[in-house]
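Asker: What follows is target-v2.pdb, PDB, C-alpha atoms.
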ATOM      1  CA  MET B 266      57.513  17.041  41.497
ATOM      2  CA  LEU B 267      57.949  20.796  41.217
ATOM      3  CA  LYS B 268      59.306  20.394  37.676
ATOM      4  CA  VAL B 269      56.246  18.414  36.611
ATOM      5  CA  THR B 270      53.909  20.992  38.125
ATOM      6  CA  LEU B 271      55.707  23.860  36.359
ATOM      7  CA  ILE B 272      55.629  22.032  33.022
ATOM      8  CA  PHE B 273      51.933  21.265  33.530
ATOM      9  CA  ILE B 274      51.167  24.924  34.315
ATOM     10  CA  PHE B 275      53.175  26.044  31.278
ATOM     11  CA  TYR B 276      51.254  23.753  28.900
ATOM     12  CA  CYS B 277      47.918  24.740  30.433
ATOM     13  CA  ALA B 278      48.761  28.406  29.879
ATOM     14  CA  VAL B 279      49.744  27.729  26.252
ATOM     15  CA  PHE B 280      46.503  25.821  25.550
ATOM     16  CA  LEU B 281      44.500  28.535  27.274
ATOM     17  CA  LEU B 282      46.060  31.272  25.115
ATOM     18  CA  LEU B 283      45.553  29.279  21.916
ATOM     19  CA  GLY B 284      41.960  28.570  22.866
ATOM     20  CA  CYS B 285      41.204  32.245  23.477
ATOM     21  CA  ASN B 286      42.684  33.267  20.134
ATOM     22  CA  ALA B 287      40.634  30.680  18.251
ATOM     23  CA  GLU B 288      37.351  32.276  19.356
ATOM     24  CA  ASN B 289      38.406  35.631  17.937
ATOM     25  CA  LYS B 290      39.165  34.072  14.558
ATOM     26  CA  GLU B 291      35.773  32.395  14.532
ATOM     27  CA  LEU B 292      34.089  35.679  15.373
ATOM     28  CA  ILE B 293      35.973  37.403  12.569
ATOM     29  CA  ASP B 294      34.960  34.621  10.147
ATOM     30  CA  VAL B 295      31.292  35.021  11.100
ATOM     31  CA  GLN B 296      31.480  38.775  10.589
ATOM     32  CA  THR B 297      33.223  38.336   7.231
ATOM     33  CA  GLN B 298      30.582  35.844   6.095
ATOM     34  CA  ALA B 299      27.788  38.186   7.178
ATOM     35  CA  TYR B 300      29.418  41.027   5.215
ATOM     36  CA  ARG B 301      29.748  38.829   2.110
ATOM     37  CA  ASP B 302      26.126  37.716   2.416
ATOM     38  CA  SER B 303      24.933  41.311   2.668
ATOM     39  CA  LEU B 304      26.937  42.221  -0.444
ATOM     40  CA  SER B 305      25.445  39.237  -2.275
ATOM     41  CA  GLU B 306      21.935  40.268  -1.252
ATOM     42  CA  ILE B 307      22.499  43.810  -2.488
ATOM     43  CA  ARG B 308      23.842  42.545  -5.809
ATOM     44  CA  ILE B 309      20.937  40.100  -6.186
ATOM     45  CA  ASP B 310      18.403  42.839  -5.445
ATOM     46  CA  SER B 311      19.927  45.176  -8.014
ATOM     47  CA  ALA B 312      20.107  42.365 -10.598
ATOM     48  CA  TYR B 313      16.460  41.495  -9.921
ATOM     49  CA  ALA B 314      15.374  45.094 -10.463
ATOM     50  CA  GLU B 315      17.399  45.351 -13.684
ATOM     51  CA  ILE B 316      16.167  42.045 -15.092
ATOM     52  CA  ARG B 317      12.556  42.861 -14.221
ATOM     53  CA  LEU B 318      12.822  46.243 -15.946
ATOM     54  CA  ASN B 319      14.473  44.667 -18.970
ATOM     55  CA  CYS B 320      11.872  41.899 -19.105
ATOM     56  CA  ASP B 321       9.014  44.398 -18.949
ATOM     57  CA  SER B 322      10.453  46.387 -21.828
ATOM     58  CA  LEU B 323      11.005  43.181 -23.816
ATOM     59  CA  MET B 324       7.348  42.285 -23.251
ATOM     60  CA  VAL B 325       6.360  45.459 -25.043
ATOM     61  CA  ILE B 326       9.025  45.567 -27.739
ATOM     62  CA  GLN B 327      10.177  42.009 -28.412
ATOM     63  CA  VAL B 328       6.981  39.946 -28.056
ATOM     64  CA  PRO B 329       5.246  41.405 -31.154
ATOM     65  CA  LYS B 330       8.365  40.621 -33.198
ATOM     66  CA  MET B 331       8.431  37.106 -31.804
ATOM     67  CA  VAL B 332       4.741  36.646 -32.620
ATOM     68  CA  ASP B 333       5.368  37.673 -36.215
ATOM     69  CA  SER B 334       8.315  35.300 -36.503
ATOM     70  CA  VAL B 335       6.356  32.401 -34.983
ATOM     71  CA  MET B 336       3.499  33.019 -37.388
ATOM     72  CA  LYS B 337       5.970  32.736 -40.283
ATOM     73  CA  ASP B 338       8.125  29.880 -38.979
ATOM     74  CA  SER B 339       8.068  28.402 -35.486
ATOM     75  CA  ASN B 340      11.810  27.699 -35.545
ATOM     76  CA  LEU B 341      12.645  31.388 -35.772
ATOM     77  CA  ILE B 342      11.817  31.947 -32.115
ATOM     78  CA  ARG B 343      15.098  30.239 -31.199
ATOM     79  CA  LEU B 344      16.955  33.230 -32.587
ATOM     80  CA  PHE B 345      15.545  35.389 -29.806
ATOM     81  CA  PHE B 346      16.666  33.110 -26.975
ATOM     82  CA  ASP B 347      19.810  31.356 -28.207
ATOM     83  CA  THR B 348      22.306  33.878 -26.958
ATOM     84  CA  THR B 349      25.909  32.994 -26.304
ATOM     85  CA  LEU B 350      26.188  35.686 -23.633
ATOM     86  CA  GLN B 351      26.041  33.983 -20.257
ATOM     87  CA  PHE B 352      26.287  35.714 -16.908
ATOM     88  CA  THR B 353      29.377  34.715 -14.951
ATOM     89  CA  ASP B 354      30.381  35.936 -11.539
ATOM     90  CA  ALA B 355      32.942  35.074  -8.897
ATOM     91  CA  ASP B 356      30.156  34.655  -6.349
ATOM     92  CA  LYS B 357      28.385  31.446  -7.395
ATOM     93  CA  LYS B 358      25.303  32.288  -5.335
ATOM     94  CA  VAL B 359      24.745  35.523  -7.256
ATOM     95  CA  GLU B 360      25.454  33.802 -10.562
ATOM     96  CA  ARG B 361      22.932  31.040  -9.867
ATOM     97  CA  VAL B 362      20.200  33.485  -8.837
ATOM     98  CA  VAL B 363      20.766  35.795 -11.816
ATOM     99  CA  ARG B 364      20.675  32.891 -14.249
ATOM    100  CA  GLN B 365      17.422  31.709 -12.684
ATOM    101  CA  LEU B 366      15.934  35.202 -13.001
ATOM    102  CA  GLN B 367      16.954  35.361 -16.660
ATOM    103  CA  ALA B 368      15.423  31.937 -17.286
ATOM    104  CA  ASP B 369      12.185  33.055 -15.626
ATOM    105  CA  CYS B 370      12.076  36.137 -17.842
ATOM    106  CA  ASP B 371      12.674  34.040 -20.970
ATOM    107  CA  SER B 372       9.957  31.637 -19.884
ATOM    108  CA  SER B 373       7.419  34.414 -19.376
ATOM    109  CA  LEU B 374       8.325  35.904 -22.774
ATOM    110  CA  ARG B 375       7.741  32.536 -24.445
ATOM    111  CA  LYS B 376       4.414  32.046 -22.655
ATOM    112  CA  GLU B 377       3.204  35.473 -23.675
ATOM    113  CA  THR B 378       4.334  34.913 -27.276
ATOM    114  CA  TYR B 379       2.543  31.608 -27.599
ATOM    115  CA  ARG B 380      -0.552  32.997 -25.883
ATOM    116  CA  ARG B 381      -0.758  35.804 -28.421
ATOM    117  CA  VAL B 382      -0.141  33.390 -31.298
ATOM    118  CA  ARG B 383      -3.011  31.179 -30.114
ATOM    119  CA  LEU B 384      -5.278  34.216 -29.889
ATOM    120  CA  LEU B 385      -4.383  35.202 -33.444
ATOM    121  CA  GLN B 386      -4.913  31.671 -34.746
ATOM    122  CA  LYS B 387      -8.368  31.233 -33.237
ATOM    123  CA  VAL B 388     -11.129  31.142 -35.760
ATOM    124  CA  LYS B 389     -12.932  34.431 -35.634
ATOM    125  CA  PRO B 390     -16.711  34.372 -35.882
ATOM    126  CA  LYS B 391     -18.001  35.355 -39.314
ATOM    127  CA  ARG B 392     -20.977  37.572 -39.746
ATOM    128  CA  ARG B 393     -23.814  35.983 -41.557
ATOM    129  CA  LYS B 394     -25.741  37.821 -44.177
ATOM    130  CA  LYS B 395     -29.398  38.381 -43.498
TER     131      LYS B 395
END
In structure tokens, how does this file's structure come out?
Answerer:
Amino acid sequence: MLKVTLIFIFYCAVFLLLGCNAENKELIDVQTQAYRDSLSEIRIDSAYAEIRLNCDSLMVIQVPKMVDSVMKDSNLIRLFFDTTLQFTDADKKVERVVRQLQADCDSSLRKETYRRVRLLQKVKPKRRKK
């Protein structure tokens, strides 16, 4: 009976030690994930600021060129947006957010271009001679 009790105590001690070590690994995993999330947030914030700045400058510089090209031929606007350069990143969360921000910028550029084209195409009132 003493042998069984000693074996039982030995296995209980082993399971107890393994159980205590597992909590530390989980705590380390949570801290690592929090660190990765904070890095992702920083990278997303910096990408957002850069894309917003770039989009604002494109609104001033690129939209008048796009309006002129749309007035000539509506298919020419594809040249401004069909870029082969795609953002790729090891962190898929950052990549997805940056691509969405770029798509939002492209969408706002298109809206502004077509708004200006419609304003230019409206029939302007003619002055009548008295």
Asker: Calculate how many Å separate atom CA of B:Leu304 from atom CA of B:Ile316, rounding to one decimal.
Answerer: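 Between atom CA of B:Leu304 and atom CA of B:Ile316 the gap works out to 18.2 Å.
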Asker: Which of these residues is nearest to B:Leu366, using only C-alpha atoms: B:Ala314, B:Ile307, B:Cys277, B:Ile272?
Answerer: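 Closest candidate: B:Ala314.
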Asker: Could you write out as an NGL selection string the residues that the PyMOL selection byres ((chain B and resi 373-389) around 8) matches in the shown file?
Answerer: :B and (320 or 323-324 or 328-329 or 331-332 or 335-336 or 369-372 or 390-391)
Asker: Store the residues of this selection in a file with C-alpha atoms, as a PDB file, in the coordinates of the input.
Answerer:
ATOM      1  CA  CYS B 320      11.872  41.899 -19.105  1.00  0.00           C
ATOM      2  CA  LEU B 323      11.005  43.181 -23.816  1.00  0.00           C
ATOM      3  CA  MET B 324       7.348  42.285 -23.251  1.00  0.00           C
ATOM      4  CA  VAL B 328       6.981  39.946 -28.056  1.00  0.00           C
ATOM      5  CA  PRO B 329       5.246  41.405 -31.154  1.00  0.00           C
ATOM      6  CA  MET B 331       8.431  37.106 -31.804  1.00  0.00           C
ATOM      7  CA  VAL B 332       4.741  36.646 -32.620  1.00  0.00           C
ATOM      8  CA  VAL B 335       6.356  32.401 -34.983  1.00  0.00           C
ATOM      9  CA  MET B 336       3.499  33.019 -37.388  1.00  0.00           C
ATOM     10  CA  ASP B 369      12.185  33.055 -15.626  1.00  0.00           C
ATOM     11  CA  CYS B 370      12.076  36.137 -17.842  1.00  0.00           C
ATOM     12  CA  ASP B 371      12.674  34.040 -20.970  1.00  0.00           C
ATOM     13  CA  SER B 372       9.957  31.637 -19.884  1.00  0.00           C
ATOM     14  CA  PRO B 390     -16.711  34.372 -35.882  1.00  0.00           C
ATOM     15  CA  LYS B 391     -18.001  35.355 -39.314  1.00  0.00           C
TER      16      LYS B 391
END
Asker: May I have the residues within 9 Å of B:Ser305 as a ChimeraX atom specification, using only C-alpha atoms and disregarding those fewer than 3 positions away in the same chain?
Answerer: /B:300-302,308-310,356,358-359
Asker: Quick one: 6 Å padding each side, axis-aligned, all listed atoms of stretch 311-329 of chain B - centre and edge lengths in Å to one decimal, as lines of an AutoDock Vina configuration file?
Answerer:
center_x = 12.7
center_y = 43.2
center_z = -19.6
size_x = 26.9
size_y = 18.4
size_z = 35.1
